[in-house]
Amino acid sequence: MADIKPEVKPTEEQQNFAIQTLLQQTQDKFQTMSEQIITRIDEMGNRIDDLEKNISDLMTQAGVEGAEK
């Protein structure tokens with residue numbers, strides 16, 4: 001006859017710890033992603049500013065009216 005072993009269930013404390021760990025890991029991942037997104041948005045803003053300045057400089061060099069805003 002095969003031995004039937006009872007299913008071992010984690011205690012409530014172990015379950016709570018596992019849930020807290022999972023929530024903390026999820027929060028950490030979201031925080032990291034948020035920081036990366038903000039950094040990329042800042043970089044994109046800087047690149048747009050540089051592009052606008054370069055366009056303005058080119059328009060001025062070309063003698064286009066209204067180059068200044």
# chains A, B, ... in the order shown; residues from 1 in each chain; ligands from 1
>>> closest_atom_pairs(of="region 14-36 of chain A", to="region 40-58 of chain A", cutoff="10 Å", atoms="only C-alpha atoms", output="Markdown table")
| residue | atom | partner | partner_atom | distance |
| --- | --- | --- | --- | --- |
| A:Ser34 | CA | A:Arg40 | CA | 9.9 |
| A:Glu35 | CA | A:Arg40 | CA | 8.6 |
| A:Gln36 | CA | A:Arg40 | CA | 6.2 |
>>> write_last_selection(atoms="all heavy atoms", output="mmCIF file, in the first residue's frame")
data_model
loop_
_atom_site.group_PDB
_atom_site.id
_atom_site.type_symbol
_atom_site.label_atom_id
_atom_site.label_comp_id
_atom_site.auth_asym_id
_atom_site.auth_seq_id
_atom_site.Cartn_x
_atom_site.Cartn_y
_atom_site.Cartn_z
ATOM 1 N N SER A 34 9.220 53.502 -13.355
ATOM 2 C CA SER A 34 8.835 54.921 -13.290
ATOM 3 C C SER A 34 10.048 55.818 -13.464
ATOM 4 O O SER A 34 10.008 56.792 -14.223
ATOM 5 C CB SER A 34 8.204 55.230 -11.943
ATOM 6 O OG SER A 34 6.826 55.241 -12.009
ATOM 7 N N GLU A 35 11.116 55.505 -12.761
ATOM 8 C CA GLU A 35 12.340 56.298 -12.851
ATOM 9 C C GLU A 35 12.913 56.261 -14.265
ATOM 10 O O GLU A 35 13.367 57.285 -14.780
ATOM 11 C CB GLU A 35 13.365 55.806 -11.830
ATOM 12 C CG GLU A 35 12.974 56.120 -10.394
ATOM 13 C CD GLU A 35 13.837 55.422 -9.357
ATOM 14 O OE1 GLU A 35 14.760 54.666 -9.736
ATOM 15 O OE2 GLU A 35 13.571 55.626 -8.161
ATOM 16 N N GLN A 36 12.873 55.080 -14.892
ATOM 17 C CA GLN A 36 13.382 54.963 -16.262
ATOM 18 C C GLN A 36 12.535 55.785 -17.232
ATOM 19 O O GLN A 36 13.070 56.453 -18.125
ATOM 20 C CB GLN A 36 13.398 53.496 -16.697
ATOM 21 C CG GLN A 36 14.454 52.670 -15.996
ATOM 22 C CD GLN A 36 14.351 51.186 -16.325
ATOM 23 O OE1 GLN A 36 13.335 50.711 -16.825
ATOM 24 N NE2 GLN A 36 15.407 50.447 -16.032
#
>>> atom_distance(atom1="CA of Thr26 (chain A)", atom2="CA of Lys9 (chain A)")
24.3 Å
>>> select_by_dssp(residues="chain A", states="helix (DSSP H, G or I)", output="VMD selection string")
chain A and resid 12 to 62
